[in-house]
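Enquirer: Sharing a structure, written as structure tokens. Questions coming.
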Amino acid sequence: MKKRLVSILVVVLFATFSFAGKPFPADNAFWNKAFAKLADSQLTGQSKQLPLPYAYNALEPSVDAKTMEIHYSKHHAAYTKNMNDATTGPEFASKTLFQLFTEIEKYPVLVKNNGGGFYNHLLFWMLMAPASGQEPTGELLKAINESFGSVDKFKETFSNAGKKQFGSGWAWLSVNENGKLVVSSTPNQDNPLMSTTEVRGIPVLTLDVWEHAYYLQYQNRRPEYVDAFWKIVNWKEVSRRYDEALKALK
């Protein structure tokens, strides 16, 4: 009995010191409440592919028109169709896509892969725009400087996440449960909204580093593609999503 009490005390002390000054990791209830406040929370398993907000050639020379056409009309279209096909059962009738993400381990891998593929690309298109020389401003700029030291250091950190992601995946800038900006990468079509993801948060910027996103133009030169991405980031949309994320977390 004495040994058991000692063991319990050790566990309690370990937990106390491990999380001293740190909030406990947010649970699914926390994320569901936050996600429900986002504009994208209306998305369901029967969502439609939205039109591109620009022409296929609008992002040149960073991304060529042929890549954009195939990426949008073939790859994203396939993820959309496959997601809808995978979420036709009654268990999905009252679920939003974000609710599925917060308990994604409960569903078949087809839901995870295609639901992620649908949403990740939807976000990706909106976070790019024709080159205009935009840079972060306002509260977003302040948050970047606080989290990374400078815009250049942030870009280096984010770029490395994309360049060093082994195989197919995505680089992310997200707002975590503490309202701080964090950079991460995920394999395949995973994203920070998913319960199985190591670094969770609300995404405000993402970059697709699957080969289909760049291979026609850059072949195996992924670093060149990542560097070219900075010329077409839609910083106004990133800033809008950052503000929205902070409000959702309150």
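How things are named: the first chain in the structure tokens is A, the next is B, and so on; residues count from 1 in each chain; ligands count from 1 in the order shown.
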Using only C-alpha atoms, which protein or nucleic acid residues come within 9 Å of stretch 127-143 of chain A? Drop anything in the same chain fewer than 4 positions from it, and give the result as a PyMOL selection string.

Expert: chain A and resi 53-54+58-60+62+123+147-148+150-151+180-181+204-207+229-240+242-243

Enquirer: Check the DSSP output for the backbone and give back, as an NGL selection string, the residues of stretch 169-244 of chain A in strand (DSSP E or B).

Expert: :A and (169-175 or 181-187 or 202-208 or 233)

Enquirer: Go ahead and write the selection's residues with N, CA and C atoms as a PDB file, in the first residue's frame.

Expert:
```pdb
ATOM      1  N   GLY A 169       3.653  15.920 -48.692  1.00  0.00           N
ATOM      2  CA  GLY A 169       3.118  16.543 -47.490  1.00  0.00           C
ATOM      3  C   GLY A 169       2.898  18.030 -47.657  1.00  0.00           C
ATOM      4  N   TRP A 170       2.810  18.714 -46.515  1.00  0.00           N
ATOM      5  CA  TRP A 170       2.480  20.135 -46.482  1.00  0.00           C
ATOM      6  C   TRP A 170       3.301  20.843 -45.410  1.00  0.00           C
ATOM      7  N   ALA A 171       3.591  22.124 -45.637  1.00  0.00           N
ATOM      8  CA  ALA A 171       4.153  23.001 -44.609  1.00  0.00           C
ATOM      9  C   ALA A 171       3.036  23.912 -44.118  1.00  0.00           C
ATOM     10  N   TRP A 172       3.065  24.244 -42.812  1.00  0.00           N
ATOM     11  CA  TRP A 172       1.963  24.994 -42.201  1.00  0.00           C
ATOM     12  C   TRP A 172       2.455  26.117 -41.294  1.00  0.00           C
ATOM     13  N   LEU A 173       1.719  27.214 -41.296  1.00  0.00           N
ATOM     14  CA  LEU A 173       1.796  28.219 -40.241  1.00  0.00           C
ATOM     15  C   LEU A 173       0.428  28.226 -39.584  1.00  0.00           C
ATOM     16  N   SER A 174       0.397  27.959 -38.283  1.00  0.00           N
ATOM     17  CA  SER A 174      -0.873  27.842 -37.571  1.00  0.00           C
ATOM     18  C   SER A 174      -0.850  28.665 -36.293  1.00  0.00           C
ATOM     19  N   VAL A 175      -2.033  28.937 -35.786  1.00  0.00           N
ATOM     20  CA  VAL A 175      -2.193  29.552 -34.467  1.00  0.00           C
ATOM     21  C   VAL A 175      -2.546  28.438 -33.496  1.00  0.00           C
ATOM     22  N   LEU A 181       1.862  31.740 -32.988  1.00  0.00           N
ATOM     23  CA  LEU A 181       2.142  31.206 -34.318  1.00  0.00           C
ATOM     24  C   LEU A 181       3.171  30.090 -34.228  1.00  0.00           C
ATOM     25  N   VAL A 182       2.910  28.990 -34.914  1.00  0.00           N
ATOM     26  CA  VAL A 182       3.829  27.855 -34.931  1.00  0.00           C
ATOM     27  C   VAL A 182       3.942  27.327 -36.356  1.00  0.00           C
ATOM     28  N   VAL A 183       5.119  26.856 -36.700  1.00  0.00           N
ATOM     29  CA  VAL A 183       5.366  26.234 -38.005  1.00  0.00           C
ATOM     30  C   VAL A 183       5.464  24.735 -37.818  1.00  0.00           C
ATOM     31  N   SER A 184       4.897  23.991 -38.746  1.00  0.00           N
ATOM     32  CA  SER A 184       4.974  22.532 -38.699  1.00  0.00           C
ATOM     33  C   SER A 184       4.880  21.986 -40.112  1.00  0.00           C
ATOM     34  N   SER A 185       5.052  20.688 -40.232  1.00  0.00           N
ATOM     35  CA  SER A 185       4.820  20.006 -41.508  1.00  0.00           C
ATOM     36  C   SER A 185       4.041  18.733 -41.223  1.00  0.00           C
ATOM     37  N   THR A 186       3.293  18.287 -42.213  1.00  0.00           N
ATOM     38  CA  THR A 186       2.517  17.056 -42.069  1.00  0.00           C
ATOM     39  C   THR A 186       2.730  16.182 -43.292  1.00  0.00           C
ATOM     40  N   PRO A 187       2.649  14.865 -43.118  1.00  0.00           N
ATOM     41  CA  PRO A 187       2.763  13.969 -44.271  1.00  0.00           C
ATOM     42  C   PRO A 187       1.434  13.839 -44.997  1.00  0.00           C
ATOM     43  N   ILE A 202      -4.951  26.247 -35.762  1.00  0.00           N
ATOM     44  CA  ILE A 202      -5.790  26.761 -36.842  1.00  0.00           C
ATOM     45  C   ILE A 202      -4.874  27.281 -37.938  1.00  0.00           C
ATOM     46  N   PRO A 203      -4.881  26.666 -39.106  1.00  0.00           N
ATOM     47  CA  PRO A 203      -3.954  27.062 -40.175  1.00  0.00           C
ATOM     48  C   PRO A 203      -4.262  28.459 -40.721  1.00  0.00           C
ATOM     49  N   VAL A 204      -3.194  29.221 -40.971  1.00  0.00           N
ATOM     50  CA  VAL A 204      -3.349  30.527 -41.613  1.00  0.00           C
ATOM     51  C   VAL A 204      -2.512  30.635 -42.885  1.00  0.00           C
ATOM     52  N   LEU A 205      -1.602  29.690 -43.087  1.00  0.00           N
ATOM     53  CA  LEU A 205      -0.800  29.642 -44.314  1.00  0.00           C
ATOM     54  C   LEU A 205      -0.362  28.206 -44.536  1.00  0.00           C
ATOM     55  N   THR A 206      -0.353  27.780 -45.794  1.00  0.00           N
ATOM     56  CA  THR A 206       0.094  26.424 -46.092  1.00  0.00           C
ATOM     57  C   THR A 206       0.754  26.364 -47.453  1.00  0.00           C
ATOM     58  N   LEU A 207       1.583  25.355 -47.642  1.00  0.00           N
ATOM     59  CA  LEU A 207       2.262  25.122 -48.920  1.00  0.00           C
ATOM     60  C   LEU A 207       2.247  23.637 -49.227  1.00  0.00           C
ATOM     61  N   ASP A 208       1.758  23.303 -50.395  1.00  0.00           N
ATOM     62  CA  ASP A 208       1.690  21.924 -50.875  1.00  0.00           C
ATOM     63  C   ASP A 208       3.059  21.520 -51.413  1.00  0.00           C
ATOM     64  N   VAL A 233       2.372  34.713 -52.138  1.00  0.00           N
ATOM     65  CA  VAL A 233       1.577  34.569 -50.907  1.00  0.00           C
ATOM     66  C   VAL A 233       0.572  35.712 -50.815  1.00  0.00           C
TER      67      VAL A 233
END
```

Enquirer: Using only C-alpha atoms, which protein or nucleic acid residues come within 9 Å of A:Asn188? Drop anything in the same chain fewer than 2 positions from it, and give the result as a ChimeraX atom specification.

Expert: /A:113,116-117,167-170,186,190-191,210

Enquirer: Based on DSSP run over this structure's backbone, return all residues of stretch 8-249 of chain A in helix (DSSP H, G or I), as a PyMOL selection string.

Expert: chain A and resi 8-18+28-35+39-42+65-86+90-92+97-101+104-106+109-126+138-148+151-164+211-213+215-218+222-232+235-248

Enquirer: Would you work out the distance separating atom CA of A:Gly45 from atom CA of A:Gly162, expressed in Å to one decimal?

Expert: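 These atoms are spaced 27.8 Å apart.
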
Enquirer: Give the answer as one residue: which of A:Glu198, A:Phe158, A:Lys164, A:Leu38 has the shortest atom-to-atom distance to A:Glu244, using only C-alpha atoms?

Expert: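 That would be A:Leu38, the residue with the smallest distance to A:Glu244.
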
Enquirer: Between atom CA of A:Glu146 and atom CA of A:Asn160, what distance in Å does the model show, to one decimal?

Expert: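 According to the coordinates, atom CA of A:Glu146 and atom CA of A:Asn160 are separated by 19.1 Å.
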
Enquirer: Tell me which protein, DNA and RNA residues are within 10 Å of A:Thr67, counting only C-alpha atoms, leaving out same-chain ones fewer than 5 positions away, and put them as an MDAnalysis selection string.

Expert: chainID A and resid 56:57 72:73 212:217

Enquirer: Would you write out those residues with C-alpha atoms, as a PDB file, in the first residue's frame?

Expert:
```pdb
ATOM      1  CA  TYR A  56      -4.528  29.253 -64.261  1.00  0.00           C
ATOM      2  CA  ASN A  57      -1.685  31.469 -65.499  1.00  0.00           C
ATOM      3  CA  TYR A  72      -6.949  22.072 -59.653  1.00  0.00           C
ATOM      4  CA  SER A  73      -9.016  20.285 -62.306  1.00  0.00           C
ATOM      5  CA  HIS A 212       2.272  17.079 -58.409  1.00  0.00           C
ATOM      6  CA  ALA A 213       2.341  20.677 -57.117  1.00  0.00           C
ATOM      7  CA  TYR A 214       5.653  21.498 -58.793  1.00  0.00           C
ATOM      8  CA  TYR A 215       7.197  18.638 -60.794  1.00  0.00           C
ATOM      9  CA  LEU A 216       6.144  19.744 -64.298  1.00  0.00           C
ATOM     10  CA  GLN A 217       7.961  23.034 -63.811  1.00  0.00           C
TER      11      GLN A 217
END
```

Enquirer: Let me make sure I understand: among A:Val199, A:Phe35, A:Asp27, A:Tyr107, which one has the smallest atom-to-atom distance to A:Lys247 if we use only C-alpha atoms?

Expert: A:Phe35

Enquirer: Fewer than 4 positions away in the same chain doesn't count, so skip those; otherwise give me all residues within 12 Å of stretch 95-105 of chain A, counting only C-alpha atoms, as an MDAnalysis selection string.

Expert: chainID A and resid 26:47 83:84 87:91 109:120 189:197 200:202

Enquirer: Selected residues, N, CA and C atoms, written as a short mmCIF file (atom, residue, chain, number, x, y, z; two decimals), in the first residue's frame, please.

Expert:
```cif
data_model
loop_
_atom_site.label_atom_id
_atom_site.label_comp_id
_atom_site.auth_asym_id
_atom_site.auth_seq_id
_atom_site.Cartn_x
_atom_site.Cartn_y
_atom_site.Cartn_z
N ALA A 26 -4.71 21.14 -25.32
CA ALA A 26 -6.14 21.33 -25.58
C ALA A 26 -6.76 20.03 -26.08
N ASP A 27 -8.00 19.76 -25.66
CA ASP A 27 -8.66 18.53 -26.07
C ASP A 27 -9.60 18.81 -27.24
N ASN A 28 -10.29 17.76 -27.69
CA ASN A 28 -11.16 17.90 -28.85
C ASN A 28 -12.32 18.86 -28.60
N ALA A 29 -12.82 18.90 -27.36
CA ALA A 29 -13.91 19.82 -27.05
C ALA A 29 -13.46 21.27 -27.25
N PHE A 30 -12.24 21.55 -26.83
CA PHE A 30 -11.67 22.89 -27.02
C PHE A 30 -11.61 23.24 -28.50
N TRP A 31 -11.05 22.31 -29.29
CA TRP A 31 -10.88 22.58 -30.72
C TRP A 31 -12.22 22.66 -31.44
N ASN A 32 -13.17 21.80 -31.08
CA ASN A 32 -14.48 21.85 -31.72
C ASN A 32 -15.15 23.21 -31.49
N LYS A 33 -15.02 23.72 -30.29
CA LYS A 33 -15.60 25.03 -29.96
C LYS A 33 -14.94 26.13 -30.78
N ALA A 34 -13.61 26.06 -30.91
CA ALA A 34 -12.88 27.07 -31.68
C ALA A 34 -13.18 26.95 -33.17
N PHE A 35 -13.15 25.72 -33.68
CA PHE A 35 -13.36 25.52 -35.11
C PHE A 35 -14.76 25.96 -35.54
N ALA A 36 -15.73 25.82 -34.65
CA ALA A 36 -17.12 26.17 -34.98
C ALA A 36 -17.27 27.67 -35.27
N LYS A 37 -16.32 28.47 -34.81
CA LYS A 37 -16.38 29.92 -35.01
C LYS A 37 -15.73 30.36 -36.32
N LEU A 38 -15.11 29.43 -37.03
CA LEU A 38 -14.43 29.77 -38.27
C LEU A 38 -15.40 29.74 -39.45
N ALA A 39 -15.17 30.59 -40.42
CA ALA A 39 -16.04 30.65 -41.59
C ALA A 39 -16.07 29.32 -42.33
N ASP A 40 -14.92 28.63 -42.37
CA ASP A 40 -14.84 27.36 -43.08
C ASP A 40 -15.56 26.23 -42.37
N SER A 41 -16.07 26.47 -41.16
CA SER A 41 -16.70 25.40 -40.39
C SER A 41 -17.99 24.89 -41.03
N GLN A 42 -18.52 25.63 -41.99
CA GLN A 42 -19.73 25.20 -42.68
C GLN A 42 -19.47 24.05 -43.65
N LEU A 43 -18.22 23.79 -43.95
CA LEU A 43 -17.89 22.72 -44.88
C LEU A 43 -18.33 21.37 -44.32
N THR A 44 -18.89 20.55 -45.17
CA THR A 44 -19.31 19.20 -44.78
C THR A 44 -18.68 18.18 -45.70
N GLY A 45 -18.97 16.93 -45.44
CA GLY A 45 -18.48 15.86 -46.29
C GLY A 45 -19.09 15.87 -47.68
N GLN A 46 -20.09 16.71 -47.89
CA GLN A 46 -20.70 16.84 -49.22
C GLN A 46 -20.47 18.25 -49.77
N SER A 47 -19.26 18.75 -49.60
CA SER A 47 -18.92 20.09 -50.06
C SER A 47 -18.52 20.08 -51.53
N MET A 83 -13.87 12.36 -51.43
CA MET A 83 -14.34 12.70 -50.09
C MET A 83 -15.85 12.56 -50.00
N ASN A 84 -16.54 13.10 -50.99
CA ASN A 84 -18.00 13.01 -50.99
C ASN A 84 -18.47 11.56 -51.05
N THR A 87 -18.13 9.85 -47.60
CA THR A 87 -18.88 10.40 -46.46
C THR A 87 -20.38 10.44 -46.75
N THR A 88 -20.88 9.37 -47.35
CA THR A 88 -22.31 9.32 -47.70
C THR A 88 -23.16 8.62 -46.64
N GLY A 89 -22.53 7.93 -45.69
CA GLY A 89 -23.28 7.17 -44.69
C GLY A 89 -24.01 8.06 -43.70
N PRO A 90 -24.97 7.48 -42.95
CA PRO A 90 -25.75 8.25 -41.97
C PRO A 90 -24.90 8.83 -40.85
N GLU A 91 -23.76 8.19 -40.55
CA GLU A 91 -22.91 8.70 -39.47
C GLU A 91 -22.28 10.05 -39.82
N VAL A 109 -9.48 5.47 -43.41
CA VAL A 109 -8.38 6.28 -43.91
C VAL A 109 -8.78 7.06 -45.16
N LEU A 110 -9.76 6.55 -45.91
CA LEU A 110 -10.23 7.28 -47.09
C LEU A 110 -10.81 8.64 -46.72
N VAL A 111 -11.46 8.71 -45.57
CA VAL A 111 -12.03 9.98 -45.11
C VAL A 111 -10.90 10.95 -44.75
N LYS A 112 -9.90 10.45 -44.06
CA LYS A 112 -8.77 11.28 -43.68
C LYS A 112 -8.01 11.79 -44.89
N ASN A 113 -7.67 10.89 -45.79
CA ASN A 113 -6.86 11.27 -46.95
C ASN A 113 -7.60 12.22 -47.89
N ASN A 114 -8.84 11.89 -48.20
CA ASN A 114 -9.58 12.70 -49.16
C ASN A 114 -10.20 13.94 -48.53
N GLY A 115 -10.62 13.84 -47.26
CA GLY A 115 -11.09 15.03 -46.56
C GLY A 115 -9.97 16.05 -46.41
N GLY A 116 -8.78 15.55 -46.04
CA GLY A 116 -7.63 16.43 -45.95
C GLY A 116 -7.25 17.00 -47.30
N GLY A 117 -7.25 16.15 -48.33
CA GLY A 117 -6.92 16.62 -49.67
C GLY A 117 -7.87 17.69 -50.17
N PHE A 118 -9.15 17.52 -49.87
CA PHE A 118 -10.14 18.52 -50.26
C PHE A 118 -9.88 19.84 -49.55
N TYR A 119 -9.79 19.81 -48.21
CA TYR A 119 -9.67 21.05 -47.45
C TYR A 119 -8.31 21.72 -47.65
N ASN A 120 -7.24 20.94 -47.63
CA ASN A 120 -5.91 21.53 -47.76
C ASN A 120 -5.77 22.32 -49.05
N GLN A 189 -1.96 13.97 -46.69
CA GLN A 189 -2.94 15.05 -46.67
C GLN A 189 -3.38 15.40 -45.25
N ASP A 190 -2.54 15.11 -44.27
CA ASP A 190 -2.83 15.49 -42.89
C ASP A 190 -2.77 17.02 -42.75
N ASN A 191 -3.41 17.54 -41.72
CA ASN A 191 -3.34 18.98 -41.45
C ASN A 191 -3.47 19.23 -39.95
N PRO A 192 -3.15 20.45 -39.49
CA PRO A 192 -3.16 20.74 -38.05
C PRO A 192 -4.54 20.70 -37.39
N LEU A 193 -5.61 20.62 -38.17
CA LEU A 193 -6.95 20.50 -37.59
C LEU A 193 -7.23 19.09 -37.09
N MET A 194 -6.45 18.13 -37.54
CA MET A 194 -6.73 16.72 -37.25
C MET A 194 -6.24 16.30 -35.87
N SER A 195 -7.02 15.45 -35.23
CA SER A 195 -6.70 14.97 -33.89
C SER A 195 -5.45 14.11 -33.85
N THR A 196 -5.04 13.57 -34.99
CA THR A 196 -3.86 12.71 -35.04
C THR A 196 -2.58 13.48 -35.33
N THR A 197 -2.68 14.79 -35.49
CA THR A 197 -1.52 15.61 -35.84
C THR A 197 -0.76 16.03 -34.59
N ARG A 200 -1.06 20.79 -33.32
CA ARG A 200 -2.42 21.18 -33.69
C ARG A 200 -2.59 22.69 -33.65
N GLY A 201 -3.53 23.18 -34.43
CA GLY A 201 -3.78 24.60 -34.46
C GLY A 201 -4.73 24.96 -35.59
N ILE A 202 -4.95 26.25 -35.76
CA ILE A 202 -5.79 26.76 -36.84
C ILE A 202 -4.87 27.28 -37.94
#
```

Enquirer: Point out the residue among A:Glu211, A:Ser159, A:Asp227, A:Arg222 with the least atom-to-atom distance to A:His71, counting only C-alpha atoms.

Expert: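 The shortest atom-to-atom distance to A:His71 comes from A:Glu211.
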
Enquirer: Find the distance between atom CA of A:Thr157 and atom CA of A:Leu122 and write it in Å to one decimal.

Expert: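 It comes out at 23.5 Å.
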
Enquirer: For A:Ala161, which residue among A:Lys106, A:Glu224, A:Val209, A:Asn178 is the nearest when counting only C-alpha atoms?

Expert: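 Residue with the minimum atom-to-atom distance to A:Ala161: A:Val209.
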